[in-house]
There are 2 protein chains.
Amino acid sequence: MITIKEVARHAGVSMSTVSYVLSGKRSISEETKRRVEESIVALGYHPNAGARALASNRSQVLGLVVPLRSDHNLPVIMQFVASIVASAREHDYDVLLLTKESGPGEAHRVVARSMADAIVVMDVESADPRIPELRTVDAPVVLLGMPDDHQGLSCVDLDFTTAGRQLAGHLADLGHRSIALIGSHPSVYERGTSYAARLLAGFTSEMAKRDLPASVHSCAPGYDAVAACLDEVLHPDRGTTGLVVHNEAILGQLLLELRRRSLDVPGDVSVIALCPDDLAESLPVPLTSIAVPAAELGSIAVEMVMSRLARDHAPEVRLLQPRLTDRGSTRAR
Amino acid sequence: MITIKEVARHAGVSMSTVSYVLSGKRSISEETKRRVEESIVALGYHPNAGARALASNRSQVLGLVVPLRSDHNLPVIMQFVASIVASAREHDYDVLLLTKESGPGEAHRVVARSMADAIVVMDVESADPRIPELRTVDAPVVLLGMPDDHQGLSCVDLDFTTAGRQLAGHLADLGHRSIALIGSHPSVYERGTSYAARLLAGFTSEMAKRDLPASVHSCAPGYDAVAACLDEVLHPDRGTTGLVVHNEAILGQLLLELRRRSLDVPGDVSVIALCPDDLAESLPVPLTSIAVPAAELGSIAVEMVMSRLARDHAPEVRLLQPRLTDRGSTRAR
DNA sequence: ACGTGAAATCGAAGCGCTTCGACTGTGTAA
DNA sequence: TTACACAGTCGAAGCGCTTCGATTTCACGT
């Protein structure tokens, strides 16, 4: 193993000089810097992470708590992870994989052992049981999601409330009077999933504001469940002409089922969704939608970590404003 | 921060004794061990990972290269990851997340810096361009998948060739004469994905052995693509009565499309698949299938890492034998 | 000519842990 | 009884790096 000492000898300088070349924490003459860098390449030197962590009290590692078992919207989860890893690497950080399933004790352990300088937690729910324990972790913690009580923790999320309002508003502005929200699997609501509840709240409040009747349905995946749900939603008594769908898993099935019933989108029914852009684009009928900006949220989470690591910044909450893309699946009536 | 020194003082022993209590590498009297363990709890001691890594030359970390962008069969990928993380933790190892996208240089970096003691690489293809570089990594490397040339590298995978044989054989044994393989997205074959090619080889060789005509189709996801594929496969000229499906993404759509055509499974067509068990079970028609034993493969990969880390074991190749579960979606004719 | 400060470099003291060799006492075989 | 093995413990030497203070040199204003 090549050590900094050997680099120093090879370049004819002291260890500390090599260290300062690497970290840039003190000024070094161009000439010396060049020689040291050449030696580093010549010898194939790689700093030892353990030694560095020990001496500097910084591991350059981010703990990331990933929900590995949650089956719904895996693609979105992957997008988050990809974005977080990429952003972390840009800041010279690596990512240690922790799983939601193994509990918040893992975050503790990893920080207590100085294996990670900060923790990012994905898939945070309204009344997430992990919150109290996360609050006692002795390192910056950034949550993807918005728990009800987020005192002392940084949070990043899409503004689902506003998104719910916008989705309802978009259809209402087009003259739709009877609009239904088709939400996630019932279990998602039972679990108290924050984003689902907030979208629902935004939707109903916008509908109430406009004095329109709001009908709300949750729908399990599976063709039969979707069909049953549509039976209910499209019951003639209701006169539903607009559908807001917040359920990535069933979008394809739903559009198929509408087609099977010879209902044209947007001719007969307007459909608008909240889902990743690539999904919205690749469906049988491209959907007007609000995207979950996973990549952006991930990189913002990392930025928050870094700024809290740099200065001893206070925790902050950032809600990204939704962005609606019109793909022609809604029409005025 | 509580250090081992403070624990030693609190327990009235030397640092080395505490260390030996923790590692068990020398015998310690019951009495002393008890006192030390009490002190550890009383003070809330957590060993510093960096110091430990520096002194012992072991990071207790596993680098895991995950394909974050590969959109197909995310659920399977997640199962692998979950199983690997869980198995690693059982051996007191943590997992550092590396992405396939950022290249094999990352594996190098992480090992050269002693951030990881070994590397596990997922989603390895037949002629994987990463192989040569992985071979030069100065730590055990275990591949999930079977590249053509795996000299010097450990590999774990399902025996897809045998699986292909078994799938064909199962239908042939039931008296089906015209059997079609519906494979993955064409791009999967173009990429030279090892498992797809091996399954295909097994399938065709079994069909040849039995002197039956083998028809092979690859199919993109999407309802129209599936319908088009079925048009071709079920063309009356062919008289196809058995379907082997190796394409998780389209299974649901395929069964729906069969239903739409009023074709009963297994009454009119027998269908057998290679897919995760939970998928096979949750489809509109539960499918007789061979499972991808992701959890098992993951934990075997970790075991291989550990044994190569312990003794300086030679790389080995393990192909898991396929296990076929009958769920009644095939019938004799 | 002289003090001053900035730039450039060095030396050495740790960071917290593991591990090796040495030491002490006890039980056991000769 | 002597010798010896062995369980149990300690002290100290690192592991490879960062960082602080000290030192040297040189340009500058006065």
# chains A, B, ... in the order shown; residues from 1 in each chain; ligands from 1
call {"tool": "select_by_dssp", "arguments": {"residues": "region 74-144 of chain B", "states": "strand (DSSP E or B)", "output": "PyMOL selection string"}}
result
chain B and resi 94-99+118-121+141-144
call {"tool": "write_last_selection", "arguments": {"atoms": "N, CA and C atoms", "output": "compact mmCIF listing (two decimals), in the first residue's frame"}}
result
# COMPACT_ATOMS: atom_id res chain seq x y z
N ASP B 94 -21.31 -3.69 6.67
CA ASP B 94 -22.21 -2.70 6.09
C ASP B 94 -22.01 -2.66 4.59
N VAL B 95 -22.93 -1.99 3.92
CA VAL B 95 -22.91 -2.00 2.46
C VAL B 95 -22.76 -0.59 1.91
N LEU B 96 -21.76 -0.42 1.09
CA LEU B 96 -21.53 0.86 0.44
C LEU B 96 -22.13 0.78 -0.95
N LEU B 97 -22.93 1.77 -1.29
CA LEU B 97 -23.69 1.72 -2.53
C LEU B 97 -22.89 2.32 -3.68
N LEU B 98 -22.61 1.49 -4.68
CA LEU B 98 -21.96 1.97 -5.89
C LEU B 98 -22.92 1.74 -7.03
N THR B 99 -22.86 2.58 -8.04
CA THR B 99 -23.83 2.39 -9.11
C THR B 99 -23.13 1.90 -10.37
N ALA B 118 -14.46 -5.93 0.04
CA ALA B 118 -14.84 -6.79 -1.08
C ALA B 118 -15.92 -6.09 -1.89
N ILE B 119 -16.15 -6.61 -3.08
CA ILE B 119 -17.12 -5.99 -3.99
C ILE B 119 -18.09 -7.04 -4.50
N VAL B 120 -19.36 -6.70 -4.49
CA VAL B 120 -20.38 -7.55 -5.12
C VAL B 120 -20.96 -6.79 -6.30
N VAL B 121 -21.01 -7.42 -7.44
CA VAL B 121 -21.49 -6.74 -8.64
C VAL B 121 -22.76 -7.41 -9.14
N VAL B 141 -13.99 -10.22 -5.44
CA VAL B 141 -15.11 -9.70 -6.23
C VAL B 141 -16.06 -10.86 -6.50
N VAL B 142 -17.32 -10.65 -6.19
CA VAL B 142 -18.32 -11.68 -6.45
C VAL B 142 -19.36 -11.12 -7.42
N LEU B 143 -19.62 -11.87 -8.47
CA LEU B 143 -20.56 -11.41 -9.48
C LEU B 143 -21.90 -12.11 -9.34
N LEU B 144 -22.97 -11.37 -9.47
CA LEU B 144 -24.29 -11.97 -9.60
C LEU B 144 -24.59 -12.01 -11.08
call {"tool": "residues_around", "arguments": {"residues": "DT19 (chain C)", "least_positions_apart": "6", "cutoff": "12 Å", "atoms": "only C-alpha atoms (C1' of nucleotides)", "output": "list in words"}}
result
Met15, Ser16, Thr17, Ser19, Tyr20, Ser23, Lys25, Arg26, Arg52, Ala55, Ser56 and Asn57 of chain B; DG11, DA12, DA13, DG14 and DC15 of chain D
call {"tool": "write_last_selection", "arguments": {"atoms": "C-alpha atoms (C1' of nucleotides)", "output": "PDB file, in the first residue's frame"}}
result
ATOM      1  CA  MET B  15      -7.344  -0.935  26.543  1.00  0.00           C
ATOM      2  CA  SER B  16      -6.148  -4.150  25.052  1.00  0.00           C
ATOM      3  CA  THR B  17      -8.342  -6.154  27.367  1.00  0.00           C
ATOM      4  CA  SER B  19     -10.367  -4.789  22.667  1.00  0.00           C
ATOM      5  CA  TYR B  20     -10.044  -8.515  23.269  1.00  0.00           C
ATOM      6  CA  SER B  23     -13.114  -9.209  19.330  1.00  0.00           C
ATOM      7  CA  LYS B  25      -9.405 -12.977  19.844  1.00  0.00           C
ATOM      8  CA  ARG B  26      -7.893 -13.868  23.210  1.00  0.00           C
ATOM      9  CA  ARG B  52     -10.702   0.161  13.719  1.00  0.00           C
ATOM     10  CA  ALA B  55      -5.548  -0.576  12.902  1.00  0.00           C
ATOM     11  CA  SER B  56      -7.019  -3.823  11.662  1.00  0.00           C
ATOM     12  CA  ASN B  57      -6.872  -3.209   7.955  1.00  0.00           C
TER      13      ASN B  57
ATOM     14  C1'  DG D  11       2.078  -1.976  27.770  1.00  0.00           C
ATOM     15  C1'  DA D  12       3.474  -0.075  23.761  1.00  0.00           C
ATOM     16  C1'  DA D  13       4.143   0.191  18.972  1.00  0.00           C
ATOM     17  C1'  DG D  14       2.135   1.229  15.199  1.00  0.00           C
ATOM     18  C1'  DC D  15      -1.906   1.896  11.326  1.00  0.00           C
TER      19       DC D  15
END
call {"tool": "interface_residues", "arguments": {"of": "chain D", "to": "chain A", "cutoff": "8 Å", "atoms": "only C-alpha atoms (C1' of nucleotides)", "output": "PyMOL selection string"}}
result
chain D and resi 15-18
call {"tool": "write_last_selection", "arguments": {"atoms": "N, CA and C atoms (P, O5', C5', C4', C3', O3' and C1' of nucleotides)", "output": "compact mmCIF listing (two decimals), in the first residue's frame"}}
result
# COMPACT_ATOMS: atom_id res chain seq x y z
P DC D 15 3.38 1.20 10.79
O5' DC D 15 1.86 1.23 10.37
C5' DC D 15 1.04 0.07 10.41
C4' DC D 15 -0.39 0.51 10.22
C3' DC D 15 -0.51 1.75 9.34
O3' DC D 15 -0.78 1.34 8.01
C1' DC D 15 -1.91 1.90 11.33
P DG D 16 0.10 1.92 6.81
O5' DG D 16 -0.59 3.32 6.49
C5' DG D 16 -1.96 3.33 6.15
C4' DG D 16 -2.46 4.75 6.27
C3' DG D 16 -1.65 5.77 5.47
O3' DG D 16 -2.56 6.52 4.70
C1' DG D 16 -1.94 6.50 7.70
P DC D 17 -2.16 7.73 3.80
O5' DC D 17 -2.73 8.94 4.68
C5' DC D 17 -4.13 9.09 4.78
C4' DC D 17 -4.48 9.96 5.95
C3' DC D 17 -4.19 11.45 5.77
O3' DC D 17 -5.39 12.07 5.31
C1' DC D 17 -3.63 10.66 7.97
P DT D 18 -5.34 13.62 4.93
O5' DT D 18 -5.49 14.32 6.37
C5' DT D 18 -6.70 14.20 7.07
C4' DT D 18 -6.63 15.03 8.34
C3' DT D 18 -6.54 16.53 8.11
O3' DT D 18 -7.38 17.12 9.09
C1' DT D 18 -4.72 15.82 9.43
call {"tool": "closest_residue", "arguments": {"among": "B:Glu90, B:Glu296, B:Asp148, B:Glu206", "to": "chain A", "atoms": "only C-alpha atoms"}}
result
B:Glu90
call {"tool": "residues_around", "arguments": {"residues": "His217 (chain A)", "least_positions_apart": "3", "cutoff": "9 Å", "atoms": "only C-alpha atoms (C1' of nucleotides)", "output": "PDB file with C-alpha atoms, in the first residue's frame"}}
result
ATOM      1  CA  ALA A 180     -63.032  12.263  -8.960  1.00  0.00           C
ATOM      2  CA  LEU A 181     -59.739  11.640  -7.242  1.00  0.00           C
ATOM      3  CA  ILE A 182     -58.502   8.111  -7.679  1.00  0.00           C
ATOM      4  CA  GLY A 183     -55.896   7.666  -5.027  1.00  0.00           C
ATOM      5  CA  SER A 184     -53.474   5.056  -3.892  1.00  0.00           C
ATOM      6  CA  PRO A 186     -56.102   1.930   0.733  1.00  0.00           C
ATOM      7  CA  CYS A 229     -63.263   1.334  -9.112  1.00  0.00           C
ATOM      8  CA  GLU A 232     -68.107   3.248  -9.093  1.00  0.00           C
ATOM      9  CA  VAL A 233     -66.427   6.423 -10.281  1.00  0.00           C
TER      10      VAL A 233
END
call {"tool": "residues_around", "arguments": {"residues": "Pro147 (chain A)", "least_positions_apart": "5", "cutoff": "8 Å", "atoms": "only C-alpha atoms (C1' of nucleotides)", "output": "PyMOL selection string"}}
result
chain A and resi 124-128+131+194
call {"tool": "write_last_selection", "arguments": {"atoms": "C-alpha atoms", "output": "CSV table (one decimal), in the first residue's frame"}}
result
chain,number,residue,atom,x,y,z
A,124,VAL,CA,-41.0,9.4,5.6
A,125,GLU,CA,-44.6,9.1,6.7
A,126,SER,CA,-46.9,11.6,8.5
A,127,ALA,CA,-46.5,10.0,11.9
A,128,ASP,CA,-43.3,8.2,11.2
A,131,ILE,CA,-38.8,10.4,13.9
A,194,SER,CA,-47.9,11.9,4.3
call {"tool": "atom_distance", "arguments": {"atom1": "CA of Thr193 (chain B)", "atom2": "CA of Pro104 (chain B)"}}
result
17.9 Å
call {"tool": "residues_around", "arguments": {"residues": "Ser205 (chain A)", "least_positions_apart": "6", "cutoff": "12 Å", "atoms": "only C-alpha atoms (C1' of nucleotides)", "output": "tab-separated table (two decimals) with N, CA and C atoms, in the first residue's frame"}}
result
chain	number	residue	atom	x	y	z
A	161	THR	N	-49.81	19.38	-1.30
A	161	THR	CA	-51.06	20.10	-1.08
A	161	THR	C	-51.36	20.99	-2.28
A	162	THR	N	-50.38	21.78	-2.65
A	162	THR	CA	-50.55	22.64	-3.81
A	162	THR	C	-50.80	21.80	-5.07
A	163	ALA	N	-50.08	20.68	-5.16
A	163	ALA	CA	-50.28	19.81	-6.31
A	163	ALA	C	-51.74	19.35	-6.39
A	164	GLY	N	-52.29	18.95	-5.25
A	164	GLY	CA	-53.69	18.53	-5.21
A	164	GLY	C	-54.60	19.65	-5.67
A	165	ARG	N	-54.31	20.86	-5.21
A	165	ARG	CA	-55.10	22.02	-5.63
A	165	ARG	C	-55.00	22.23	-7.12
A	166	GLN	N	-53.78	22.17	-7.63
A	166	GLN	CA	-53.57	22.44	-9.05
A	166	GLN	C	-54.28	21.41	-9.93
A	167	LEU	N	-54.21	20.15	-9.51
A	167	LEU	CA	-54.84	19.10	-10.32
A	167	LEU	C	-56.34	19.33	-10.38
A	168	ALA	N	-56.93	19.58	-9.22
A	168	ALA	CA	-58.37	19.87	-9.19
A	168	ALA	C	-58.66	21.13	-10.00
A	169	GLY	N	-57.84	22.15	-9.75
A	169	GLY	CA	-58.07	23.44	-10.39
A	169	GLY	C	-57.98	23.34	-11.91
A	198	ARG	N	-51.68	14.65	2.01
A	198	ARG	CA	-51.60	16.06	1.65
A	198	ARG	C	-52.19	16.33	0.28
A	199	LEU	N	-51.95	15.43	-0.66
A	199	LEU	CA	-52.54	15.62	-1.97
A	199	LEU	C	-54.06	15.61	-1.86
A	211	ASP	N	-66.80	25.06	-4.63
A	211	ASP	CA	-68.16	24.60	-4.42
A	211	ASP	C	-68.52	23.44	-5.34
A	212	LEU	N	-67.57	22.59	-5.61
A	212	LEU	CA	-67.82	21.43	-6.45
A	212	LEU	C	-67.81	20.19	-5.57
A	213	PRO	N	-68.57	19.19	-5.95
A	213	PRO	CA	-68.57	17.96	-5.16
A	213	PRO	C	-67.28	17.18	-5.41
A	214	ALA	N	-66.62	16.74	-4.35
A	214	ALA	CA	-65.39	15.97	-4.50
A	214	ALA	C	-65.67	14.52	-4.21
call {"tool": "atom_distance", "arguments": {"atom1": "CA of Arg311 (chain A)", "atom2": "CA of Arg135 (chain A)"}}
result
19.0 Å
call {"tool": "atom_distance", "arguments": {"atom1": "CA of Glu257 (chain B)", "atom2": "CA of Tyr223 (chain B)"}}
result
8.1 Å
call {"tool": "select_by_dssp", "arguments": {"residues": "region 57-274 of chain B", "states": "helix (DSSP H, G or I)", "output": "count of residues only"}}
result
92
call {"tool": "interface_residues", "arguments": {"of": "chain C", "to": "chain A", "cutoff": "10 Å", "atoms": "only C-alpha atoms (C1' of nucleotides)", "output": "ChimeraX atom specification"}}
result
/C:7-11,14-17
call {"tool": "decode", "arguments": {"residues": "chain D", "atoms": "C-alpha atoms (C1' of nucleotides)", "output": "PDB file, in the first residue's frame"}}
result
ATOM      1  C1'  DT D   1       9.998 -30.745  43.255  1.00  0.00           C
ATOM      2  C1'  DT D   2      10.828 -28.707  38.850  1.00  0.00           C
ATOM      3  C1'  DA D   3       9.436 -27.512  34.509  1.00  0.00           C
ATOM      4  C1'  DC D   4       6.142 -26.254  31.432  1.00  0.00           C
ATOM      5  C1'  DA D   5       1.901 -25.078  29.187  1.00  0.00           C
ATOM      6  C1'  DC D   6      -1.622 -22.050  29.229  1.00  0.00           C
ATOM      7  C1'  DA D   7      -5.225 -18.734  30.605  1.00  0.00           C
ATOM      8  C1'  DG D   8      -5.454 -13.947  31.529  1.00  0.00           C
ATOM      9  C1'  DT D   9      -3.733  -9.492  31.371  1.00  0.00           C
ATOM     10  C1'  DC D  10      -0.878  -5.376  30.296  1.00  0.00           C
ATOM     11  C1'  DG D  11       2.078  -1.976  27.770  1.00  0.00           C
ATOM     12  C1'  DA D  12       3.474  -0.075  23.761  1.00  0.00           C
ATOM     13  C1'  DA D  13       4.143   0.191  18.972  1.00  0.00           C
ATOM     14  C1'  DG D  14       2.135   1.229  15.199  1.00  0.00           C
ATOM     15  C1'  DC D  15      -1.906   1.896  11.326  1.00  0.00           C
ATOM     16  C1'  DG D  16      -1.941   6.498   7.702  1.00  0.00           C
ATOM     17  C1'  DC D  17      -3.635  10.655   7.974  1.00  0.00           C
ATOM     18  C1'  DT D  18      -4.724  15.816   9.429  1.00  0.00           C
ATOM     19  C1'  DT D  19      -3.620  19.862  11.653  1.00  0.00           C
ATOM     20  C1'  DC D  20      -1.440  23.091  14.699  1.00  0.00           C
ATOM     21  C1'  DG D  21       2.270  25.811  15.691  1.00  0.00           C
ATOM     22  C1'  DA D  22       6.820  27.052  14.351  1.00  0.00           C
ATOM     23  C1'  DT D  23      10.124  28.431  10.955  1.00  0.00           C
ATOM     24  C1'  DT D  24      11.937  30.513   6.894  1.00  0.00           C
ATOM     25  C1'  DT D  25      11.800  33.504   3.112  1.00  0.00           C
ATOM     26  C1'  DC D  26      10.582  37.403   0.742  1.00  0.00           C
ATOM     27  C1'  DA D  27       8.132  41.680  -0.634  1.00  0.00           C
ATOM     28  C1'  DC D  28       6.459  45.760   1.119  1.00  0.00           C
ATOM     29  C1'  DG D  29       5.671  50.269   3.337  1.00  0.00           C
ATOM     30  C1'  DT D  30       7.864  53.562   6.077  1.00  0.00           C
TER      31       DT D  30
END
